[in-house]
>>> print(open('start-v4.cif').read())   # mmCIF, C-alpha atoms
data_model
loop_
_atom_site.label_atom_id
_atom_site.label_comp_id
_atom_site.auth_asym_id
_atom_site.auth_seq_id
_atom_site.Cartn_x
_atom_site.Cartn_y
_atom_site.Cartn_z
CA MET A 112 -2.88 95.67 5.83
CA MET A 113 -3.10 93.69 2.66
CA ASP A 114 -5.58 94.68 -0.02
CA PRO A 115 -8.50 92.24 -0.02
CA ALA A 116 -8.17 92.08 -3.79
CA TRP A 117 -5.39 90.02 -5.39
CA MET A 118 -3.95 89.80 -8.83
CA SER A 119 -5.00 87.11 -11.33
CA PRO A 120 -1.87 85.31 -12.62
CA ARG A 121 -3.33 85.03 -16.17
CA THR A 122 -4.83 88.48 -16.71
CA GLY A 123 -2.95 90.52 -14.12
CA SER A 124 -6.23 92.11 -13.04
CA ALA A 125 -7.40 92.37 -9.46
CA VAL A 126 -9.78 89.74 -8.12
CA GLN A 127 -12.02 90.22 -5.11
CA ALA A 128 -11.52 87.61 -2.25
CA GLY A 129 -14.54 85.33 -1.52
CA PRO A 130 -15.78 83.41 1.55
CA GLN A 131 -13.86 80.27 0.52
CA ASP A 132 -10.63 82.21 0.55
CA THR A 133 -11.29 83.43 4.05
CA LEU A 134 -11.98 79.85 5.26
CA LEU A 135 -8.76 78.63 3.77
CA ASP A 136 -6.86 81.36 5.47
CA ILE A 137 -8.40 80.37 8.81
CA LEU A 138 -7.67 76.64 8.39
CA GLY A 139 -4.10 77.39 7.49
CA SER A 140 -3.52 79.79 10.32
CA PRO A 141 -1.10 79.03 13.20
CA GLU A 142 -4.00 78.87 15.62
CA ALA A 143 -5.65 76.09 13.58
CA MET A 144 -2.40 74.14 13.43
CA ALA A 145 -2.20 74.25 17.22
CA VAL A 146 -5.70 72.81 17.46
CA TYR A 147 -4.73 70.02 15.05
CA LEU A 148 -1.75 69.10 17.18
CA VAL A 149 -3.83 68.95 20.35
CA VAL A 150 -6.44 66.74 18.70
CA LEU A 151 -3.72 64.41 17.32
CA MET A 152 -2.14 64.07 20.75
CA LEU A 153 -5.50 63.22 22.29
CA LEU A 154 -6.20 60.55 19.65
CA THR A 155 -2.73 59.06 20.13
CA ALA A 156 -3.24 58.90 23.88
CA ALA A 157 -6.64 57.25 23.45
CA LEU A 158 -5.26 54.66 21.01
CA THR A 159 -2.35 53.91 23.31
CA ALA A 160 -4.68 53.43 26.24
CA TYR A 161 -6.89 51.09 24.16
CA VAL A 162 -3.91 48.97 23.10
CA LEU A 163 -2.63 48.73 26.68
CA ILE A 164 -6.05 47.65 27.94
CA ALA A 165 -6.35 45.02 25.15
CA LEU A 166 -2.89 43.60 25.90
CA HIS A 167 -3.78 43.41 29.57
CA GLN A 168 -6.94 41.46 28.76
CA ILE A 169 -5.05 39.07 26.47
CA ARG A 170 -2.43 38.45 29.16
CA LYS A 171 -5.13 37.73 31.75
CA SER A 172 -6.87 35.31 29.34
CA GLY A 173 -3.59 33.53 28.69
CA GLU A 174 -2.90 33.13 32.38
CA ALA A 175 -6.40 31.77 32.93
CA ALA A 176 -5.99 29.26 30.10
CA ALA A 177 -2.61 28.16 31.44
CA GLN A 178 -4.08 27.70 34.91
CA ALA A 179 -6.90 25.62 33.44
CA GLN A 180 -4.38 23.42 31.59
CA GLU A 181 -2.51 22.80 34.83
CA THR A 182 -5.68 21.61 36.52
CA ARG A 183 -6.45 19.30 33.52
CA PRO A 184 -3.14 17.50 32.71
CA GLN A 185 -4.82 15.04 30.34
CA GLU A 186 -5.50 17.89 27.92
CA LYS A 187 -2.11 19.50 28.21
CA GLY A 188 -0.37 20.02 24.88
CA THR A 189 -3.50 19.50 22.78
CA SER A 190 -3.63 21.91 19.84
CA GLN A 191 -6.58 22.74 17.65
CA ASP A 192 -5.24 20.35 15.01
CA GLU A 193 -4.79 17.56 17.56
CA ALA A 194 -8.39 17.87 18.72
CA ALA A 195 -9.63 16.48 15.40
CA PRO A 196 -8.70 12.86 14.51
CA ARG A 197 -5.97 12.42 11.93
CA PHE A 198 -6.82 8.71 11.56
CA VAL A 199 -10.42 9.18 10.47
CA GLY A 200 -11.07 5.63 9.24
CA LEU A 201 -9.37 3.97 12.21
CA SER A 202 -11.32 6.12 14.67
CA GLN A 203 -14.51 5.01 12.94
CA ILE A 204 -13.45 1.37 13.38
CA ASP A 205 -13.13 1.99 17.13
CA MET A 206 -16.72 3.15 17.21
CA GLU A 207 -17.96 0.20 15.16
CA LEU A 208 -16.16 -2.37 17.31
CA LYS A 209 -17.77 -0.98 20.46
CA GLU A 210 -21.20 -1.70 19.03
CA GLN A 211 -20.46 -5.30 17.96
CA ARG A 212 -21.41 -8.27 20.06
CA PRO A 213 -18.84 -10.96 20.92
CA ALA A 214 -18.66 -13.53 18.12
CA GLU A 215 -19.25 -17.27 18.53
CA TYR A 216 -16.58 -19.55 17.07
CA ASP A 217 -16.37 -23.19 16.00
CA SER A 218 -14.02 -25.81 17.40
CA MET A 219 -12.58 -28.60 15.24
CA SER A 220 -9.41 -30.58 14.64
CA LEU A 221 -6.96 -29.61 11.90
CA ALA A 222 -7.95 -32.71 9.91
CA GLN A 223 -11.62 -31.68 10.08
CA LEU A 224 -10.66 -28.12 9.16
CA CYS A 225 -8.77 -29.25 6.04
CA ASP A 226 -11.49 -31.66 4.91
CA GLY A 227 -14.15 -29.00 5.42
CA PHE A 228 -12.09 -26.41 3.50
CA HIS A 229 -11.60 -28.90 0.65
CA GLN A 230 -15.33 -29.57 0.34
CA TYR A 231 -16.43 -25.97 0.93
CA ALA A 232 -14.16 -24.53 -1.79
CA ALA A 233 -15.51 -27.01 -4.32
CA GLY A 234 -19.17 -27.07 -3.32
CA LYS A 235 -19.75 -23.37 -2.47
CA LEU A 236 -17.17 -21.59 -4.64
CA GLY A 237 -16.55 -23.98 -7.52
CA LEU A 238 -12.81 -24.01 -6.74
CA TYR A 239 -11.18 -27.44 -6.88
CA TYR A 240 -7.93 -28.20 -5.08
CA ASP A 241 -6.16 -31.39 -4.18
CA ILE A 242 -6.58 -32.24 -0.51
CA THR A 243 -2.78 -32.31 -0.17
CA ASP A 244 -2.59 -28.69 -1.31
CA ILE A 245 -5.20 -27.73 1.27
CA ARG A 246 -3.14 -29.42 3.97
CA ARG A 247 0.01 -27.67 2.81
CA PHE A 248 -1.76 -24.33 2.92
CA VAL A 249 -3.04 -24.79 6.48
CA ALA A 250 0.30 -26.22 7.67
CA GLY A 251 2.07 -23.24 6.08
CA MET A 252 -0.07 -20.91 8.18
CA GLY A 253 1.31 -22.72 11.21
CA ILE A 254 4.95 -21.88 10.54
CA SER A 255 4.86 -18.27 9.32
CA LYS A 256 2.60 -15.22 9.02
CA LEU A 257 3.95 -14.81 5.49
CA MET A 258 3.23 -17.35 2.77
CA ILE A 259 4.35 -17.32 -0.87
CA LEU A 260 2.18 -19.17 -3.40
CA ARG A 261 4.21 -19.77 -6.56
CA GLY A 262 3.22 -21.04 -9.96
CA ILE A 263 2.24 -20.15 -13.49
CA SER A 264 -0.72 -17.87 -14.09
CA GLY A 265 -4.14 -19.52 -13.86
CA THR A 266 -3.38 -22.25 -11.35
CA GLY A 267 -5.60 -20.75 -8.63
CA LYS A 268 -3.13 -19.02 -6.32
CA THR A 269 -5.23 -15.95 -5.57
CA SER A 270 -8.41 -18.04 -5.52
CA LEU A 271 -7.00 -20.34 -2.85
CA ALA A 272 -6.25 -17.41 -0.52
CA TYR A 273 -9.66 -15.93 -1.30
CA ALA A 274 -11.39 -19.27 -0.56
CA ALA A 275 -9.57 -19.50 2.78
CA GLY A 276 -11.03 -16.18 3.90
CA GLU A 277 -14.52 -17.26 2.89
CA TYR A 278 -14.17 -20.58 4.69
CA PHE A 279 -12.87 -18.93 7.88
CA GLY A 280 -15.91 -16.63 7.86
CA ASN A 281 -13.90 -13.45 7.29
CA PRO A 282 -13.39 -12.41 3.64
CA SER A 283 -9.78 -11.96 2.55
CA THR A 284 -8.45 -8.52 1.67
CA ILE A 285 -6.99 -8.46 -1.86
CA VAL A 286 -4.18 -5.90 -2.30
CA PRO A 287 -2.91 -5.63 -5.91
CA VAL A 288 0.81 -4.85 -5.69
CA GLN A 289 1.90 -1.96 -7.92
CA PRO A 290 5.17 -1.90 -9.93
CA MET A 291 6.28 1.43 -8.43
CA TRP A 292 6.02 0.39 -4.78
CA LYS A 293 9.28 0.93 -2.91
CA GLU A 294 8.55 1.68 0.75
CA ARG A 295 6.23 1.07 3.69
CA SER A 296 4.04 4.10 2.98
CA ASP A 297 2.97 2.50 -0.30
CA ILE A 298 1.04 -0.18 1.56
CA VAL A 299 -0.02 1.47 4.85
CA GLY A 300 -0.25 5.17 3.88
CA TYR A 301 1.34 8.38 5.18
CA PHE A 302 0.62 11.54 7.17
CA ASN A 303 -0.27 14.56 5.03
CA SER A 304 1.19 17.61 6.79
CA PHE A 305 -0.98 19.98 4.73
CA THR A 306 -4.37 18.42 5.54
CA LYS A 307 -3.22 17.20 8.99
CA ARG A 308 -4.71 13.80 8.16
CA PHE A 309 -3.23 10.34 7.67
CA ASN A 310 -3.92 8.91 4.22
CA GLU A 311 -5.05 5.42 5.23
CA THR A 312 -4.90 2.41 2.92
CA PRO A 313 -7.32 -0.54 2.99
CA LEU A 314 -4.49 -2.70 4.37
CA LEU A 315 -3.93 -0.33 7.31
CA ARG A 316 -7.63 -0.39 8.14
CA LYS A 317 -7.66 -4.20 8.09
CA LEU A 318 -4.57 -4.34 10.29
CA TYR A 319 -6.25 -2.07 12.79
CA GLU A 320 -9.57 -3.92 12.66
CA ALA A 321 -7.85 -7.28 13.16
CA GLY A 322 -6.30 -6.03 16.39
CA GLY A 323 -9.76 -5.62 17.89
CA LYS A 324 -11.18 -9.02 16.92
CA GLN A 325 -10.36 -12.72 17.23
CA ASP A 326 -11.15 -13.75 13.64
CA VAL A 327 -8.57 -15.18 11.26
CA TYR A 328 -7.52 -12.38 8.87
CA ILE A 329 -5.92 -12.99 5.47
CA THR A 330 -4.38 -10.27 3.29
CA VAL A 331 -3.50 -11.28 -0.26
CA LEU A 332 -0.55 -9.41 -1.79
CA ASP A 333 -1.49 -10.18 -5.38
CA GLU A 334 1.51 -10.45 -7.72
CA VAL A 335 3.82 -9.87 -4.80
CA ASN A 336 6.95 -9.88 -6.99
CA ILE A 337 5.81 -7.35 -9.61
CA SER A 338 7.80 -4.98 -7.37
CA ARG A 339 10.59 -5.83 -4.93
CA ILE A 340 8.98 -7.17 -1.79
CA GLU A 341 12.29 -6.65 0.02
CA TYR A 342 11.67 -2.88 -0.30
CA TYR A 343 8.00 -2.17 0.33
CA PHE A 344 7.52 -5.03 2.84
CA ALA A 345 10.88 -4.61 4.59
CA ASP A 346 9.45 -3.32 7.89
CA PHE A 347 7.00 -6.22 8.07
CA LEU A 348 9.74 -8.76 7.35
CA SER A 349 11.80 -7.42 10.24
CA LEU A 350 8.90 -7.21 12.69
CA LEU A 351 7.53 -10.67 11.91
CA GLU A 352 10.97 -12.07 12.70
CA LEU A 353 10.77 -10.91 16.33
CA PRO A 354 9.92 -13.84 18.63
CA ASP A 355 7.84 -11.69 20.98
CA PRO A 356 4.59 -10.60 19.25
CA LYS A 357 4.22 -7.74 21.75
CA ARG A 358 7.27 -6.03 20.26
CA ARG A 359 6.06 -6.05 16.65
CA GLU A 360 5.18 -2.36 16.52
CA LEU A 361 4.86 -0.66 13.15
CA ASP A 362 5.86 3.02 13.02
CA LEU A 363 3.14 5.19 11.49
CA VAL A 364 3.82 8.72 12.78
CA SER A 365 6.53 10.28 14.89
CA ASP A 366 4.34 11.74 17.63
CA SER A 367 1.18 11.12 19.62
CA TRP A 368 -2.13 13.03 19.56
CA ASP A 369 -4.88 12.80 22.14
CA SER A 370 -7.35 12.12 19.33
CA ASP A 371 -5.44 9.09 17.99
CA PRO A 372 -7.32 5.74 17.89
CA GLN A 373 -7.13 3.45 20.90
CA ARG A 374 -4.56 0.99 19.54
CA ILE A 375 -2.15 3.56 18.11
CA ARG A 376 0.18 4.40 20.96
CA GLY A 377 3.16 6.67 20.57
CA GLY A 378 2.55 6.75 16.83
CA LYS A 379 2.96 2.95 16.58
CA LEU A 380 0.53 0.15 15.71
CA LEU A 381 1.04 -3.34 17.11
CA LEU A 382 0.85 -5.92 14.32
CA PRO A 383 -2.05 -8.27 15.09
CA GLU A 384 -1.21 -11.93 15.62
CA ASN A 385 -4.33 -13.01 13.73
CA MET A 386 -3.23 -11.53 10.38
CA TRP A 387 -1.59 -13.65 7.67
CA PHE A 388 -0.02 -12.23 4.51
CA ILE A 389 -0.35 -14.44 1.41
CA GLY A 390 1.78 -13.35 -1.54
CA THR A 391 1.02 -14.77 -4.99
CA ALA A 392 4.05 -14.95 -7.28
CA ASN A 393 4.03 -15.56 -11.02
CA ASN A 394 7.14 -16.92 -12.67
CA ASP A 395 7.60 -14.88 -15.84
CA ASP A 396 9.77 -12.13 -17.34
CA SER A 397 7.57 -9.31 -15.96
CA THR A 398 8.41 -10.04 -12.31
CA PHE A 399 11.41 -9.79 -9.98
CA SER A 400 13.04 -12.79 -8.38
CA ILE A 401 12.32 -13.23 -4.68
CA SER A 402 15.43 -13.20 -2.51
CA ASP A 403 16.50 -15.82 0.02
CA LYS A 404 15.75 -13.28 2.76
CA VAL A 405 12.05 -13.59 1.93
CA TYR A 406 11.97 -17.29 1.10
CA ASP A 407 13.73 -18.22 4.34
CA ARG A 408 11.14 -16.37 6.41
CA ALA A 409 8.05 -17.42 4.47
CA ALA A 410 6.09 -20.62 4.06
CA VAL A 411 6.43 -21.53 0.38
CA MET A 412 3.91 -23.49 -1.64
CA ASP A 413 3.90 -24.37 -5.33
CA LEU A 414 0.71 -24.56 -7.40
CA ASP A 415 1.79 -25.88 -10.79
CA ARG A 416 -1.46 -27.38 -12.04
CA ARG A 417 -5.22 -27.14 -11.57
CA SER A 418 -7.02 -30.03 -9.93
CA GLN A 419 -9.88 -31.84 -11.62
CA PRO A 420 -13.50 -31.26 -10.47
CA PHE A 421 -14.99 -33.79 -8.06
CA PRO A 422 -18.39 -34.28 -6.38
CA ALA A 423 -18.42 -32.10 -3.27
CA LYS A 424 -20.51 -32.36 -0.12
CA ASP A 425 -22.61 -29.46 1.07
CA THR A 426 -20.26 -28.06 3.73
CA PRO A 427 -20.74 -24.84 5.72
CA ALA A 428 -18.00 -22.34 6.49
CA ALA A 429 -15.99 -22.79 9.68
CA HIS A 430 -15.95 -19.61 11.75
CA ILE A 431 -12.83 -20.43 13.71
CA SER A 432 -10.97 -18.02 15.97
CA PHE A 433 -7.27 -17.27 15.86
CA GLN A 434 -6.84 -18.64 19.39
CA GLU A 435 -8.47 -21.95 18.42
CA LEU A 436 -6.32 -22.28 15.31
CA ASP A 437 -3.15 -21.46 17.23
CA ARG A 438 -4.12 -23.92 19.95
CA ARG A 439 -4.52 -26.67 17.35
CA PHE A 440 -1.07 -25.85 15.94
CA GLU A 441 0.47 -26.22 19.40
CA MET A 442 -1.37 -29.49 20.01
CA ALA A 443 0.00 -30.85 16.73
CA LYS A 444 3.56 -30.04 17.76
CA ARG A 445 2.99 -32.00 20.96
CA ASP A 446 1.17 -34.97 19.45
CA HIS A 447 3.14 -35.44 16.19
CA SER A 448 6.72 -34.51 16.97
CA LEU A 449 9.44 -35.23 14.40
CA SER A 450 10.67 -38.83 14.59
CA GLU A 451 14.25 -39.63 15.58
CA ARG A 452 14.75 -41.43 12.26
CA SER A 453 13.91 -38.25 10.38
CA ARG A 454 16.10 -36.13 12.67
CA THR A 455 19.06 -38.40 11.97
CA ALA A 456 18.42 -38.34 8.23
CA LEU A 457 18.15 -34.54 8.20
CA ALA A 458 21.41 -34.21 10.14
CA GLN A 459 23.22 -36.42 7.60
CA LEU A 460 21.70 -34.50 4.69
CA ASP A 461 22.74 -31.22 6.28
CA GLN A 462 26.30 -32.49 6.63
CA HIS A 463 26.32 -33.59 2.96
CA LEU A 464 25.03 -30.24 1.70
CA THR A 465 27.55 -28.36 3.83
CA GLU A 466 30.55 -30.41 2.67
CA VAL A 467 29.61 -30.60 -1.02
CA TYR A 468 27.75 -27.36 -1.75
CA ARG A 469 28.62 -25.08 1.22
CA ILE A 470 24.95 -24.59 2.13
CA SER A 471 23.21 -25.45 5.40
CA PHE A 472 19.70 -25.61 6.85
CA GLY A 473 20.22 -22.96 9.49
CA ASN A 474 18.29 -22.62 12.75
CA ARG A 475 15.37 -20.77 11.14
CA ILE A 476 14.60 -23.49 8.61
CA MET A 477 15.15 -26.25 11.15
CA GLY A 478 12.64 -24.52 13.41
CA GLN A 479 10.15 -24.43 10.55
CA ILE A 480 10.64 -28.15 9.97
CA GLU A 481 9.94 -28.79 13.68
CA ARG A 482 6.56 -27.04 13.31
CA TYR A 483 5.56 -27.87 9.74
CA VAL A 484 5.93 -31.65 9.96
CA PRO A 485 3.70 -32.12 13.06
CA ILE A 486 1.03 -29.74 11.71
CA MET A 487 1.03 -31.47 8.33
CA CYS A 488 0.54 -34.80 10.11
CA ALA A 489 -2.30 -33.37 12.21
CA CYS A 490 -3.94 -32.13 9.00
CA GLY A 491 -3.99 -35.69 7.68
CA GLY A 492 -0.70 -35.81 5.79
CA THR A 493 2.42 -37.87 6.46
CA GLU A 494 5.84 -37.05 7.85
CA LEU A 495 7.61 -37.83 4.57
CA GLU A 496 5.17 -35.62 2.62
CA ALA A 497 5.98 -32.74 4.94
CA LEU A 498 9.73 -33.33 4.76
CA ASP A 499 9.53 -33.50 0.97
CA ASP A 500 7.77 -30.09 0.93
CA ILE A 501 10.40 -28.40 3.09
CA LEU A 502 13.38 -29.97 1.33
CA ALA A 503 12.18 -29.14 -2.18
CA ARG A 504 11.00 -25.57 -1.53
CA LYS A 505 13.26 -24.29 1.23
CA ILE A 506 16.56 -26.14 1.00
CA LEU A 507 17.28 -27.74 -2.36
CA ARG A 508 16.17 -24.58 -4.21
CA LYS A 509 19.42 -22.99 -3.01
CA LEU A 510 21.23 -25.30 -5.45
CA GLU A 511 20.00 -23.15 -8.35
CA GLN A 512 22.95 -20.85 -7.73
CA LEU A 513 25.49 -23.57 -8.54
CA SER A 514 27.53 -23.63 -11.71
CA PRO A 515 26.49 -26.13 -14.43
CA SER A 516 29.66 -28.15 -13.95
CA VAL A 517 28.98 -28.64 -10.23
CA ILE A 518 25.37 -29.63 -10.93
CA LYS A 519 26.37 -32.30 -13.44
CA ARG A 520 29.09 -33.66 -11.20
CA GLN A 521 27.46 -33.60 -7.75
CA ILE A 522 23.65 -33.77 -8.11
CA PRO A 523 23.53 -37.51 -9.04
CA GLY A 524 25.26 -38.31 -5.74
CA SER A 525 22.74 -36.18 -3.85
CA LEU A 526 19.88 -38.08 -5.50
CA SER A 527 21.33 -41.36 -4.35
CA LEU A 528 21.73 -40.01 -0.81
CA LEU A 529 18.06 -38.97 -0.67
CA ASP A 530 17.01 -42.53 -1.54
CA GLU A 531 19.39 -43.92 1.06
CA LEU A 532 18.25 -41.63 3.87
CA PHE A 533 14.50 -41.44 3.29
CA GLY A 534 13.69 -44.42 1.07
CA ALA A 535 13.73 -44.92 -2.69
CA GLU A 536 11.22 -42.73 -4.56
CA LEU A 537 9.64 -41.54 -1.29
CA LEU A 538 10.50 -37.87 -1.85
CA PRO A 539 9.00 -37.23 -5.32
CA GLN A 540 9.12 -33.44 -5.15
CA SER A 541 12.76 -33.32 -4.08
CA ARG A 542 13.81 -35.94 -6.64
CA GLY A 543 11.86 -34.18 -9.36
CA TYR A 544 13.51 -30.87 -8.52
CA LEU A 545 17.01 -32.35 -8.69
CA ASP A 546 16.19 -34.15 -11.95
CA ARG A 547 15.09 -30.84 -13.50
CA LEU A 548 18.32 -29.20 -12.37
CA ILE A 549 20.38 -31.87 -14.15
CA LYS A 550 18.32 -31.57 -17.33
CA SER A 551 18.60 -27.79 -17.34
CA VAL A 552 22.38 -27.79 -17.86
#
>>> encode(input="start-v4.cif", output="structure tokens")
Amino acid sequence: MMDPAWMSPRTGSAVQAGPQDTLLDILGSPEAMAVYLVVLMLLTAALTAYVLIALHQIRKSGEAAAQAQETRPQEKGTSQDEAAPRFVGLSQIDMELKEQRPAEYDSMSLAQLCDGFHQYAAGKLGLYYDITDIRRFVAGMGISKLMILRGISGTGKTSLAYAAGEYFGNPSTIVPVQPMWKERSDIVGYFNSFTKRFNETPLLRKLYEAGGKQDVYITVLDEVNISRIEYYFADFLSLLELPDPKRRELDLVSDSWDSDPQRIRGGKLLLPENMWFIGTANNDDSTFSISDKVYDRAAVMDLDRRSQPFPAKDTPAAHISFQELDRRFEMAKRDHSLSERSRTALAQLDQHLTEVYRISFGNRIMGQIERYVPIMCACGGTELEALDDILARKILRKLEQLSPSVIKRQIPGSLSLLDELFGAELLPQSRGYLDRLIKSV
């Protein structure tokens, strides 16, 4: 047997073993190690059994959830993210529209509408416009959902679009165009994959709201050419060109959630027929030129000077619906169709422009003439006034691309032809435009 005393390593003297030493010997004995192993095995078995039971419960819960989804197909595929709305503002509009009562609208002729607008803008808003400009504005709404108001700063372009919204009983939405805009998301917003929400713009909310009402909606793209409209408005240009309004669907997101608002289907929003886009364009060095692609599709109106104040009658706003306005446009086309004399004159002018300058009206512009002239007449204007508008702003402006030598040589003959076809001095805007072209070279 070993001596219970042991030698100190420092002094070499014997040291008597204590109770702690005996305990350590016991814990380190082979018998204790066997006990440890048995306990470890028992704990491992218990943990394994617990894990197996938990996995079994999870599997049963999953099967129950899957069975519940099969019995409720409308909820199939809905994730936790999809349960919350990603279009928060648009979903709120759905709730607000449900609580609104049907609106009551006025009925009036286009001539009454223009006269009332003329008086209302002056009397209620202190904005004075020539009655002819009011008629051009309303007639422009009849040929395109996109209108371009051109002119130098301070002539009342934005104010005219603003006044129209006030007169129609639905305030216009003013959207200041930014120089860095390049794509659709700049004006309607985008889906944020981090927050799982769609960043909505005021324009998107107005587009959605318009789809649930019958009011006339006007969106003003202020300083439309401070950035390239062909870029940020490209999707709208293409959609508005489609003849069937039911196919004008704007892509917003690539998928569909159960929580999406009522009028967003398959990630698309149908452009409302009662929304007009009015772009104001300044002509200075800080802006981009607007391409023929835009001008050909838009109604174009020039505001080169401010009208003088006049005594105005106390005139209320006209809360007119989109359906009533569209119905009046169709009635005008029926009641004031383009005369055969004007058709013949336009055909001869088209032939002249094709042979001399290699430019032509095209079906799109001819279709606009067929609508603009009757509506202008129904508004209280004349056929020649309407033709003068279209020729000066949509057709003759293409002559700006000619070389100075061609302008000097050919424009005088074109001036003479205008007098011959339509009457001497009866197209002042067109003649004035051609005169300016000659003087500019």
>>> residues_around(input="start-v4.cif", residues="A:Gly265", least_positions_apart="5", cutoff="10 Å", atoms="all atoms listed in the file", output="list of chain:residue names")
A:Ser270, A:Asn393, A:Leu414, A:Asp415, A:Arg416, A:Arg417
>>> residues_around(input="start-v4.cif", residues="A:Thr312", least_positions_apart="6", cutoff="8 Å", atoms="only C-alpha atoms", output="list of chain:residue names")
A:Ile298, A:Val299, A:Gly300
>>> atom_distance(input="start-v4.cif", atom1="atom CA of A:Ser349", atom2="atom CA of A:Pro485")
26.1 Å
>>> closest_residue(input="start-v4.cif", among="A:Leu238, A:Asp205, A:Leu449, A:Ala497", to="A:Leu538", atoms="only C-alpha atoms")
A:Ala497
>>> resolve_selection(input="start-v4.cif", expression="the PyMOL selection byres ((chain A and resi 328) around 6)", output="CSV table (one decimal) with C-alpha atoms, keeping the file's coordinate frame")
chain,number,residue,atom,x,y,z
A,327,VAL,CA,-8.6,-15.2,11.3
A,329,ILE,CA,-5.9,-13.0,5.5
A,385,ASN,CA,-4.3,-13.0,13.7
A,386,MET,CA,-3.2,-11.5,10.4
>>> resolve_selection(input="start-v4.cif", expression="the PyMOL selection byres ((chain A and resi 471) around 12)", output="mmCIF file with C-alpha atoms, in the coordinates of the input")
data_model
loop_
_atom_site.group_PDB
_atom_site.id
_atom_site.type_symbol
_atom_site.label_atom_id
_atom_site.label_comp_id
_atom_site.auth_asym_id
_atom_site.auth_seq_id
_atom_site.Cartn_x
_atom_site.Cartn_y
_atom_site.Cartn_z
ATOM 1 C CA ASP A 407 13.730 -18.220 4.340
ATOM 2 C CA LEU A 457 18.150 -34.540 8.200
ATOM 3 C CA ALA A 458 21.410 -34.210 10.140
ATOM 4 C CA GLN A 459 23.220 -36.420 7.600
ATOM 5 C CA LEU A 460 21.700 -34.500 4.690
ATOM 6 C CA ASP A 461 22.740 -31.220 6.280
ATOM 7 C CA GLN A 462 26.300 -32.490 6.630
ATOM 8 C CA HIS A 463 26.320 -33.590 2.960
ATOM 9 C CA LEU A 464 25.030 -30.240 1.700
ATOM 10 C CA THR A 465 27.550 -28.360 3.830
ATOM 11 C CA GLU A 466 30.550 -30.410 2.670
ATOM 12 C CA VAL A 467 29.610 -30.600 -1.020
ATOM 13 C CA TYR A 468 27.750 -27.360 -1.750
ATOM 14 C CA ARG A 469 28.620 -25.080 1.220
ATOM 15 C CA ILE A 470 24.950 -24.590 2.130
ATOM 16 C CA PHE A 472 19.700 -25.610 6.850
ATOM 17 C CA GLY A 473 20.220 -22.960 9.490
ATOM 18 C CA ASN A 474 18.290 -22.620 12.750
ATOM 19 C CA ARG A 475 15.370 -20.770 11.140
ATOM 20 C CA ILE A 476 14.600 -23.490 8.610
ATOM 21 C CA MET A 477 15.150 -26.250 11.150
ATOM 22 C CA LEU A 502 13.380 -29.970 1.330
ATOM 23 C CA LYS A 505 13.260 -24.290 1.230
ATOM 24 C CA ILE A 506 16.560 -26.140 1.000
ATOM 25 C CA LEU A 507 17.280 -27.740 -2.360
ATOM 26 C CA ARG A 508 16.170 -24.580 -4.210
ATOM 27 C CA LYS A 509 19.420 -22.990 -3.010
ATOM 28 C CA LEU A 510 21.230 -25.300 -5.450
#
>>> atom_distance(input="start-v4.cif", atom1="atom CA of A:Ser551", atom2="atom CA of A:Leu532")
25.3 Å
>>> closest_atom_pairs(input="start-v4.cif", of="stretch 227-331 of chain A", to="stretch 353-370 of chain A", cutoff="12 Å", atoms="only C-alpha atoms", output="JSON lines")
{"residue": "A:Ser255", "atom": "CA", "partner": "A:Pro354", "partner_atom": "CA", "distance": 11.5}
{"residue": "A:Lys256", "atom": "CA", "partner": "A:Pro356", "partner_atom": "CA", "distance": 11.4}
{"residue": "A:Arg295", "atom": "CA", "partner": "A:Leu363", "partner_atom": "CA", "distance": 9.3}
{"residue": "A:Ser296", "atom": "CA", "partner": "A:Leu363", "partner_atom": "CA", "distance": 8.6}
{"residue": "A:Ile298", "atom": "CA", "partner": "A:Leu363", "partner_atom": "CA", "distance": 11.5}
{"residue": "A:Val299", "atom": "CA", "partner": "A:Leu363", "partner_atom": "CA", "distance": 8.2}
{"residue": "A:Gly300", "atom": "CA", "partner": "A:Leu363", "partner_atom": "CA", "distance": 8.3}
{"residue": "A:Tyr301", "atom": "CA", "partner": "A:Leu363", "partner_atom": "CA", "distance": 7.3}
{"residue": "A:Phe302", "atom": "CA", "partner": "A:Val364", "partner_atom": "CA", "distance": 7.0}
{"residue": "A:Asn303", "atom": "CA", "partner": "A:Val364", "partner_atom": "CA", "distance": 10.5}
{"residue": "A:Ser304", "atom": "CA", "partner": "A:Val364", "partner_atom": "CA", "distance": 11.0}
{"residue": "A:Lys307", "atom": "CA", "partner": "A:Trp368", "partner_atom": "CA", "distance": 11.4}
{"residue": "A:Arg308", "atom": "CA", "partner": "A:Val364", "partner_atom": "CA", "distance": 11.0}
{"residue": "A:Phe309", "atom": "CA", "partner": "A:Val364", "partner_atom": "CA", "distance": 8.9}
{"residue": "A:Asn310", "atom": "CA", "partner": "A:Leu363", "partner_atom": "CA", "distance": 10.8}
{"residue": "A:Glu311", "atom": "CA", "partner": "A:Leu363", "partner_atom": "CA", "distance": 10.3}
{"residue": "A:Leu315", "atom": "CA", "partner": "A:Leu363", "partner_atom": "CA", "distance": 9.9}
{"residue": "A:Leu318", "atom": "CA", "partner": "A:Leu361", "partner_atom": "CA", "distance": 10.5}
{"residue": "A:Tyr319", "atom": "CA", "partner": "A:Leu361", "partner_atom": "CA", "distance": 11.2}
{"residue": "A:Gly322", "atom": "CA", "partner": "A:Lys357", "partner_atom": "CA", "distance": 11.9}
>>> residues_around(input="start-v4.cif", residues="A:Ile245", least_positions_apart="3", cutoff="12 Å", atoms="all atoms listed in the file", output="number ranges by chain")
A: 221-233, 238-242, 248-252, 268, 271-272, 274-275, 278, 412-414, 418, 487, 490-492
